[in-house]
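Chemist: I have a structure here, written as structure tokens, and I will follow up with some questions on it.
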Amino acid sequence: QKEVEQNSGPLSVPEGAIASLNCTYSDRGSQSFFWYRQYSGKSPELIMSIYSNGDKEDGRFTAQLNKASQYVSLLIRDSQPSDSATYLCAVNNDMRFGAGTRLTVKP
Amino acid sequence: SQTIHQWPATLVQPVGSPLSLECTVEGTSNPNLYWYRQAAGRGLQLLFYSVGIGQISSEVPQNLSASRPQDRQFILSSKKLLLSDSGFYLCAWRVSYEQYFGPGTRLTVT
């Protein structure tokens, strides 16, 4: 069965630190990878997509993809309290989602 | 730009009552549309997806059904709700590889 795994957390980091979120997937043929942010009570919001091995940066966010090791990660630099949310990893065209990692950034 | 609407935003229904949730998309044609459910504190469960009018694929057998009567309209229904149907229902649409979610409907079955 194709699976997407994330640490459920919660992950707590101090304000200004780097938050590192990880996701592994079982389908070696996966080609597209996504990170969503979901604030409590709200719908998920797409924040990053990545399709090639390596790093992709967008502001304070960096997505990292390693297809050989079947993992994708999201780094949040200079973490802010407003980054406190659940982060969902999604894989491929059929959009299989991980269960999400709850991040808390403490002032 | 594309916009996705869902209504109602919240709904409280008794067990055994019917359900109809509606999703509409603006600003695009022939989108792929999806219904997800998220139980409290849980991940997203894909319920149905549609690649066109009248074309529905079901991911999980249950007492829910979906219909797509128009290109940009996707409806989730049930004839008799169960307590286990409570959750946050999300409609989503896809552009190329990326998927975007509507605001969601929070359903509580009592």
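We label chains A, B, ... in the order they appear in the structure tokens, count residues from 1 in each chain, and number ligands from 1 in the order shown.
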Return the neighbours of chain B among the residues of chain A, cut-off 12 Å, counting only C-alpha atoms, as a PyMOL selection string.

Modeler: chain A and resi 4-6+8+10+31-51+86-102

Chemist: The selected residues should be written to file as a CSV table (one decimal), in the first residue's frame (atoms: N, CA and C atoms).

Modeler:
chain,number,residue,atom,x,y,z
A,4,VAL,N,2.4,7.6,3.0
A,4,VAL,CA,3.1,8.9,3.3
A,4,VAL,C,3.2,9.0,4.8
A,5,GLU,N,4.4,9.1,5.3
A,5,GLU,CA,4.5,9.1,6.8
A,5,GLU,C,5.2,10.4,7.2
A,6,GLN,N,4.6,11.0,8.3
A,6,GLN,CA,5.1,12.2,8.9
A,6,GLN,C,5.2,11.9,10.4
A,8,SER,N,4.2,12.9,13.9
A,8,SER,CA,2.9,13.6,14.3
A,8,SER,C,3.2,14.8,15.2
A,10,PRO,N,3.9,16.8,18.7
A,10,PRO,CA,4.2,18.2,18.3
A,10,PRO,C,5.6,18.5,18.3
A,31,GLN,N,6.5,11.4,-8.2
A,31,GLN,CA,7.1,12.4,-9.0
A,31,GLN,C,6.9,13.9,-8.5
A,32,SER,N,5.8,14.1,-7.7
A,32,SER,CA,5.5,15.4,-7.3
A,32,SER,C,5.1,15.4,-5.8
A,33,PHE,N,5.6,16.5,-5.2
A,33,PHE,CA,5.6,16.5,-3.7
A,33,PHE,C,5.1,17.9,-3.3
A,34,PHE,N,4.3,18.0,-2.2
A,34,PHE,CA,3.7,19.2,-1.8
A,34,PHE,C,3.7,19.3,-0.3
A,35,TRP,N,3.9,20.6,0.2
A,35,TRP,CA,3.7,20.9,1.6
A,35,TRP,C,2.5,21.9,1.7
A,36,TYR,N,1.6,21.5,2.7
A,36,TYR,CA,0.5,22.4,3.0
A,36,TYR,C,0.6,22.8,4.5
A,37,ARG,N,0.1,24.0,4.7
A,37,ARG,CA,0.0,24.5,6.1
A,37,ARG,C,-1.4,24.6,6.4
A,38,GLN,N,-1.8,24.1,7.6
A,38,GLN,CA,-3.2,24.2,8.1
A,38,GLN,C,-3.3,24.8,9.5
A,39,TYR,N,-3.8,25.9,9.5
A,39,TYR,CA,-4.1,26.6,10.8
A,39,TYR,C,-5.3,25.9,11.4
A,40,SER,N,-5.4,25.9,12.7
A,40,SER,CA,-6.5,25.3,13.5
A,40,SER,C,-7.8,25.8,13.0
A,41,GLY,N,-8.7,24.9,12.6
A,41,GLY,CA,-10.0,25.2,12.1
A,41,GLY,C,-10.1,25.7,10.7
A,42,LYS,N,-9.0,25.8,10.0
A,42,LYS,CA,-9.0,26.3,8.6
A,42,LYS,C,-8.6,25.2,7.7
A,43,SER,N,-8.8,25.5,6.4
A,43,SER,CA,-8.5,24.5,5.4
A,43,SER,C,-7.0,24.5,5.0
A,44,PRO,N,-6.4,23.5,4.5
A,44,PRO,CA,-5.0,23.5,4.1
A,44,PRO,C,-4.7,24.5,3.0
A,45,GLU,N,-3.5,25.1,3.1
A,45,GLU,CA,-3.0,26.1,2.2
A,45,GLU,C,-1.7,25.6,1.6
A,46,LEU,N,-1.6,25.5,0.3
A,46,LEU,CA,-0.4,25.1,-0.4
A,46,LEU,C,0.7,26.1,-0.2
A,47,ILE,N,1.9,25.7,0.3
A,47,ILE,CA,3.0,26.6,0.5
A,47,ILE,C,4.2,26.2,-0.3
A,48,MET,N,4.4,25.0,-0.7
A,48,MET,CA,5.5,24.6,-1.5
A,48,MET,C,5.2,23.4,-2.3
A,49,SER,N,5.7,23.4,-3.5
A,49,SER,CA,5.7,22.2,-4.4
A,49,SER,C,7.1,21.9,-4.9
A,50,ILE,N,7.5,20.7,-5.0
A,50,ILE,CA,8.8,20.3,-5.5
A,50,ILE,C,8.7,19.1,-6.3
A,51,TYR,N,9.5,19.1,-7.5
A,51,TYR,CA,9.4,18.0,-8.4
A,51,TYR,C,10.8,17.3,-8.7
A,86,THR,N,-0.3,23.1,11.7
A,86,THR,CA,-0.1,21.7,11.3
A,86,THR,C,0.4,21.7,9.8
A,87,TYR,N,1.5,21.0,9.5
A,87,TYR,CA,2.1,20.9,8.2
A,87,TYR,C,1.8,19.5,7.6
A,88,LEU,N,1.2,19.5,6.4
A,88,LEU,CA,0.8,18.3,5.8
A,88,LEU,C,1.7,18.1,4.5
A,89,CYS,N,2.2,16.9,4.4
A,89,CYS,CA,2.9,16.5,3.2
A,89,CYS,C,2.0,15.7,2.3
A,90,ALA,N,2.1,16.0,1.0
A,90,ALA,CA,1.3,15.3,0.0
A,90,ALA,C,2.2,14.8,-1.1
A,91,VAL,N,1.8,13.7,-1.7
A,91,VAL,CA,2.7,13.1,-2.7
A,91,VAL,C,1.9,12.7,-3.9
A,92,ASN,N,2.4,13.1,-5.1
A,92,ASN,CA,1.9,12.6,-6.4
A,92,ASN,C,0.6,13.0,-6.8
A,93,ASN,N,0.2,12.6,-8.0
A,93,ASN,CA,-1.1,13.0,-8.6
A,93,ASN,C,-2.3,12.6,-7.8
A,94,ASP,N,-2.2,11.5,-7.1
A,94,ASP,CA,-3.4,11.0,-6.4
A,94,ASP,C,-3.4,11.7,-5.0
A,95,MET,N,-2.5,12.6,-4.7
A,95,MET,CA,-2.5,13.4,-3.5
A,95,MET,C,-2.7,12.6,-2.3
A,96,ARG,N,-1.8,11.7,-2.0
A,96,ARG,CA,-1.8,11.0,-0.7
A,96,ARG,C,-1.2,11.9,0.3
A,97,PHE,N,-1.9,12.1,1.4
A,97,PHE,CA,-1.5,13.0,2.4
A,97,PHE,C,-0.9,12.2,3.6
A,98,GLY,N,0.1,12.8,4.3
A,98,GLY,CA,0.5,12.3,5.6
A,98,GLY,C,-0.5,12.8,6.6
A,99,ALA,N,-0.3,12.4,7.8
A,99,ALA,CA,-1.2,12.7,8.9
A,99,ALA,C,-0.9,14.1,9.4
A,100,GLY,N,0.2,14.7,9.1
A,100,GLY,CA,0.6,16.1,9.5
A,100,GLY,C,1.4,16.1,10.7
A,101,THR,N,2.2,17.2,10.8
A,101,THR,CA,3.1,17.5,12.0
A,101,THR,C,2.7,18.8,12.5
A,102,ARG,N,2.3,18.8,13.8
A,102,ARG,CA,1.9,20.1,14.4
A,102,ARG,C,3.2,20.8,14.9

Chemist: Write out as a PyMOL selection string the residues lying within 6 Å of region 70-77 of chain B, counting only C-alpha atoms and excluding same-chain residues fewer than 3 positions away.

Modeler: chain B and resi 19-25+30+53+64-67

Chemist: Check the smallest atom-to-atom distance from each of B:Ser17, B:Asn32, B:Thr110, B:Gln6 to Ile56 (chain B) using only C-alpha atoms, then report the winner.

Modeler: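 Among B:Ser17, B:Asn32, B:Thr110, B:Gln6, it is B:Asn32 that comes nearest to Ile56 (chain B).
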
Chemist: Do you know which residues are at most 9 Å from Val72 (chain A) counting only C-alpha atoms, after dropping those on the same chain fewer than 5 positions away, and could you put them as a list in words?

Modeler: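 Once the nearby chain positions are removed, what remains is Leu21, Asn22, Cys23, Thr24, Tyr25, Phe33, Phe34, Ile50, Ala63, Gln64, Leu65, Asn66, Lys67 and Cys89 of chain A.
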
Chemist: Based on the selection just made, write all heavy atoms of those residues as a JSON list (two decimals), in the first residue's frame.

Modeler:
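The resulting file, again37.json, is shown below:
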[["chain", "number", "residue", "atom", "x", "y", "z"],
["A", 21, "LEU", "N", 10.81, 19.82, 9.20],
["A", 21, "LEU", "CA", 9.68, 18.89, 9.12],
["A", 21, "LEU", "C", 10.01, 17.83, 8.06],
["A", 21, "LEU", "O", 10.49, 18.17, 6.98],
["A", 21, "LEU", "CB", 8.40, 19.63, 8.72],
["A", 21, "LEU", "CG", 8.04, 20.80, 9.64],
["A", 21, "LEU", "CD1", 7.06, 21.73, 8.97],
["A", 21, "LEU", "CD2", 7.46, 20.28, 10.94],
["A", 22, "ASN", "N", 9.75, 16.59, 8.39],
["A", 22, "ASN", "CA", 10.15, 15.50, 7.50],
["A", 22, "ASN", "C", 8.97, 14.64, 7.06],
["A", 22, "ASN", "O", 7.97, 14.52, 7.78],
["A", 22, "ASN", "CB", 11.17, 14.61, 8.20],
["A", 22, "ASN", "CG", 12.42, 15.38, 8.55],
["A", 22, "ASN", "OD1", 12.99, 16.07, 7.71],
["A", 22, "ASN", "ND2", 12.85, 15.29, 9.79],
["A", 23, "CYS", "N", 9.14, 14.04, 5.89],
["A", 23, "CYS", "CA", 8.09, 13.22, 5.32],
["A", 23, "CYS", "C", 8.75, 12.11, 4.50],
["A", 23, "CYS", "O", 9.68, 12.38, 3.73],
["A", 23, "CYS", "CB", 7.21, 14.10, 4.41],
["A", 23, "CYS", "SG", 5.97, 13.26, 3.44],
["A", 24, "THR", "N", 8.32, 10.88, 4.68],
["A", 24, "THR", "CA", 8.81, 9.77, 3.86],
["A", 24, "THR", "C", 7.64, 9.16, 3.11],
["A", 24, "THR", "O", 6.48, 9.25, 3.56],
["A", 24, "THR", "CB", 9.50, 8.70, 4.71],
["A", 24, "THR", "OG1", 8.56, 8.19, 5.68],
["A", 24, "THR", "CG2", 10.71, 9.26, 5.44],
["A", 25, "TYR", "N", 7.95, 8.55, 1.97],
["A", 25, "TYR", "CA", 6.89, 7.97, 1.15],
["A", 25, "TYR", "C", 7.35, 6.61, 0.65],
["A", 25, "TYR", "O", 8.55, 6.34, 0.54],
["A", 25, "TYR", "CB", 6.53, 8.90, -0.01],
["A", 25, "TYR", "CG", 7.68, 9.25, -0.91],
["A", 25, "TYR", "CD1", 7.93, 8.52, -2.07],
["A", 25, "TYR", "CD2", 8.52, 10.32, -0.61],
["A", 25, "TYR", "CE1", 8.99, 8.84, -2.90],
["A", 25, "TYR", "CE2", 9.58, 10.65, -1.43],
["A", 25, "TYR", "CZ", 9.80, 9.91, -2.57],
["A", 25, "TYR", "OH", 10.86, 10.23, -3.39],
["A", 33, "PHE", "N", 5.57, 16.49, -5.16],
["A", 33, "PHE", "CA", 5.55, 16.53, -3.70],
["A", 33, "PHE", "C", 5.13, 17.93, -3.25],
["A", 33, "PHE", "O", 5.54, 18.93, -3.85],
["A", 33, "PHE", "CB", 6.94, 16.19, -3.15],
["A", 33, "PHE", "CG", 7.47, 14.89, -3.71],
["A", 33, "PHE", "CD1", 8.15, 14.87, -4.90],
["A", 33, "PHE", "CD2", 7.25, 13.71, -3.03],
["A", 33, "PHE", "CE1", 8.61, 13.67, -5.44],
["A", 33, "PHE", "CE2", 7.70, 12.50, -3.55],
["A", 33, "PHE", "CZ", 8.38, 12.49, -4.75],
["A", 34, "PHE", "N", 4.34, 17.96, -2.20],
["A", 34, "PHE", "CA", 3.73, 19.23, -1.79],
["A", 34, "PHE", "C", 3.73, 19.35, -0.27],
["A", 34, "PHE", "O", 3.59, 18.36, 0.44],
["A", 34, "PHE", "CB", 2.28, 19.29, -2.30],
["A", 34, "PHE", "CG", 2.14, 18.98, -3.76],
["A", 34, "PHE", "CD1", 1.94, 17.68, -4.18],
["A", 34, "PHE", "CD2", 2.23, 19.98, -4.71],
["A", 34, "PHE", "CE1", 1.83, 17.38, -5.54],
["A", 34, "PHE", "CE2", 2.12, 19.69, -6.06],
["A", 34, "PHE", "CZ", 1.93, 18.39, -6.47],
["A", 50, "ILE", "N", 7.49, 20.67, -5.03],
["A", 50, "ILE", "CA", 8.83, 20.33, -5.50],
["A", 50, "ILE", "C", 8.75, 19.08, -6.33],
["A", 50, "ILE", "O", 8.03, 18.13, -5.99],
["A", 50, "ILE", "CB", 9.82, 20.20, -4.31],
["A", 50, "ILE", "CG1", 11.25, 20.01, -4.81],
["A", 50, "ILE", "CG2", 9.40, 19.10, -3.35],
["A", 50, "ILE", "CD1", 12.31, 20.20, -3.73],
["A", 63, "ALA", "N", 12.10, 23.63, 0.61],
["A", 63, "ALA", "CA", 11.73, 22.22, 0.47],
["A", 63, "ALA", "C", 12.94, 21.46, -0.06],
["A", 63, "ALA", "O", 13.68, 21.95, -0.91],
["A", 63, "ALA", "CB", 10.55, 22.07, -0.47],
["A", 64, "GLN", "N", 13.15, 20.28, 0.49],
["A", 64, "GLN", "CA", 14.26, 19.44, 0.07],
["A", 64, "GLN", "C", 13.72, 18.07, -0.34],
["A", 64, "GLN", "O", 12.92, 17.48, 0.39],
["A", 64, "GLN", "CB", 15.27, 19.27, 1.22],
["A", 64, "GLN", "CG", 15.88, 20.57, 1.69],
["A", 64, "GLN", "CD", 16.78, 20.37, 2.91],
["A", 64, "GLN", "OE1", 16.46, 19.62, 3.82],
["A", 64, "GLN", "NE2", 17.92, 21.05, 2.90],
["A", 65, "LEU", "N", 14.16, 17.60, -1.49],
["A", 65, "LEU", "CA", 13.68, 16.32, -2.00],
["A", 65, "LEU", "C", 14.86, 15.39, -2.28],
["A", 65, "LEU", "O", 15.83, 15.79, -2.92],
["A", 65, "LEU", "CB", 12.88, 16.53, -3.28],
["A", 65, "LEU", "CG", 12.40, 15.27, -4.01],
["A", 65, "LEU", "CD1", 11.48, 14.43, -3.13],
["A", 65, "LEU", "CD2", 11.70, 15.65, -5.32],
["A", 66, "ASN", "N", 14.75, 14.17, -1.80],
["A", 66, "ASN", "CA", 15.74, 13.13, -2.07],
["A", 66, "ASN", "C", 14.98, 11.89, -2.50],
["A", 66, "ASN", "O", 14.48, 11.13, -1.67],
["A", 66, "ASN", "CB", 16.58, 12.86, -0.82],
["A", 66, "ASN", "CG", 17.69, 11.85, -1.07],
["A", 66, "ASN", "OD1", 17.53, 10.91, -1.84],
["A", 66, "ASN", "ND2", 18.83, 12.07, -0.44],
["A", 67, "LYS", "N", 14.87, 11.69, -3.80],
["A", 67, "LYS", "CA", 14.08, 10.57, -4.32],
["A", 67, "LYS", "C", 14.74, 9.23, -4.02],
["A", 67, "LYS", "O", 14.06, 8.22, -3.83],
["A", 67, "LYS", "CB", 13.86, 10.74, -5.82],
["A", 67, "LYS", "CG", 12.91, 11.88, -6.17],
["A", 67, "LYS", "CD", 12.63, 11.91, -7.66],
["A", 67, "LYS", "CE", 11.67, 13.04, -8.00],
["A", 67, "LYS", "NZ", 11.39, 13.09, -9.46],
["A", 89, "CYS", "N", 2.18, 16.87, 4.40],
["A", 89, "CYS", "CA", 2.95, 16.48, 3.23],
["A", 89, "CYS", "C", 2.01, 15.72, 2.30],
["A", 89, "CYS", "O", 1.21, 14.89, 2.75],
["A", 89, "CYS", "CB", 4.10, 15.59, 3.68],
["A", 89, "CYS", "SG", 5.03, 14.77, 2.39]]

Chemist: Just checking: using only C-alpha atoms, which residue out of A:Glu57, A:Asn7, A:Pro14, A:Ala19 ends up closest to Lys106 (chain A)?

Modeler: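 Closest residue, counting only C-alpha atoms: A:Pro14.
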
Chemist: So how far away is CA of Trp93 (chain B) from CA of Trp35 (chain B), in Å?

Modeler: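 Between CA of Trp35 (chain B) and CA of Trp93 (chain B) the gap is 9.1 Å.
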
Chemist: Mind checking DSSP for region 13-93 of chain B and telling me the strand (DSSP E or B) residues as a ChimeraX atom specification?

Modeler: /B:13,19-26,32-38,44-52,55-58,64-70,73-78,87-93

Chemist: Report as a list in words all protein, DNA and RNA residues lying within 12 Å of Pro14 (chain B), evaluated on only C-alpha atoms, omitting residues in the same chain fewer than 6 positions from it.

Modeler: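 Counting only C-alpha atoms, the residues come to Lys80, Leu81, Leu82, Leu83, Ser84, Asp85, Ser86, Leu107, Thr108, Val109 and Thr110 of chain B.
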
Chemist: Save the residues we just selected, N, CA, C and O atoms, as an mmCIF file, in the first residue's frame?

Modeler:
data_model
loop_
_atom_site.group_PDB
_atom_site.id
_atom_site.type_symbol
_atom_site.label_atom_id
_atom_site.label_comp_id
_atom_site.auth_asym_id
_atom_site.auth_seq_id
_atom_site.Cartn_x
_atom_site.Cartn_y
_atom_site.Cartn_z
ATOM 1 N N LYS B 80 -28.701 9.087 4.957
ATOM 2 C CA LYS B 80 -28.853 8.965 6.414
ATOM 3 C C LYS B 80 -27.495 9.114 7.075
ATOM 4 O O LYS B 80 -26.635 8.244 6.953
ATOM 5 N N LEU B 81 -27.323 10.178 7.812
ATOM 6 C CA LEU B 81 -26.053 10.428 8.462
ATOM 7 C C LEU B 81 -25.815 9.519 9.667
ATOM 8 O O LEU B 81 -26.759 9.175 10.399
ATOM 9 N N LEU B 82 -24.545 9.181 9.862
ATOM 10 C CA LEU B 82 -24.104 8.440 11.032
ATOM 11 C C LEU B 82 -23.276 9.358 11.922
ATOM 12 O O LEU B 82 -22.742 10.375 11.454
ATOM 13 N N LEU B 83 -23.147 8.999 13.188
ATOM 14 C CA LEU B 83 -22.303 9.787 14.087
ATOM 15 C C LEU B 83 -20.876 9.896 13.538
ATOM 16 O O LEU B 83 -20.234 10.947 13.636
ATOM 17 N N SER B 84 -20.401 8.819 12.930
ATOM 18 C CA SER B 84 -19.033 8.768 12.405
ATOM 19 C C SER B 84 -18.825 9.667 11.193
ATOM 20 O O SER B 84 -17.693 9.826 10.726
ATOM 21 N N ASP B 85 -19.900 10.253 10.679
ATOM 22 C CA ASP B 85 -19.765 11.183 9.546
ATOM 23 C C ASP B 85 -19.343 12.575 9.983
ATOM 24 O O ASP B 85 -19.056 13.434 9.141
ATOM 25 N N SER B 86 -19.300 12.812 11.274
ATOM 26 C CA SER B 86 -18.851 14.124 11.751
ATOM 27 C C SER B 86 -17.418 14.382 11.294
ATOM 28 O O SER B 86 -16.584 13.477 11.264
ATOM 29 N N LEU B 107 -19.037 19.635 9.852
ATOM 30 C CA LEU B 107 -20.277 18.909 10.092
ATOM 31 C C LEU B 107 -20.213 18.218 11.450
ATOM 32 O O LEU B 107 -19.267 17.483 11.739
ATOM 33 N N THR B 108 -21.234 18.444 12.254
ATOM 34 C CA THR B 108 -21.381 17.743 13.523
ATOM 35 C C THR B 108 -22.682 16.958 13.467
ATOM 36 O O THR B 108 -23.752 17.541 13.260
ATOM 37 N N VAL B 109 -22.575 15.656 13.639
ATOM 38 C CA VAL B 109 -23.764 14.803 13.661
ATOM 39 C C VAL B 109 -24.063 14.474 15.115
ATOM 40 O O VAL B 109 -23.204 13.974 15.841
ATOM 41 N N THR B 110 -25.279 14.782 15.544
ATOM 42 C CA THR B 110 -25.633 14.624 16.965
ATOM 43 C C THR B 110 -26.626 13.483 17.186
ATOM 44 O O THR B 110 -27.287 13.039 16.246
#
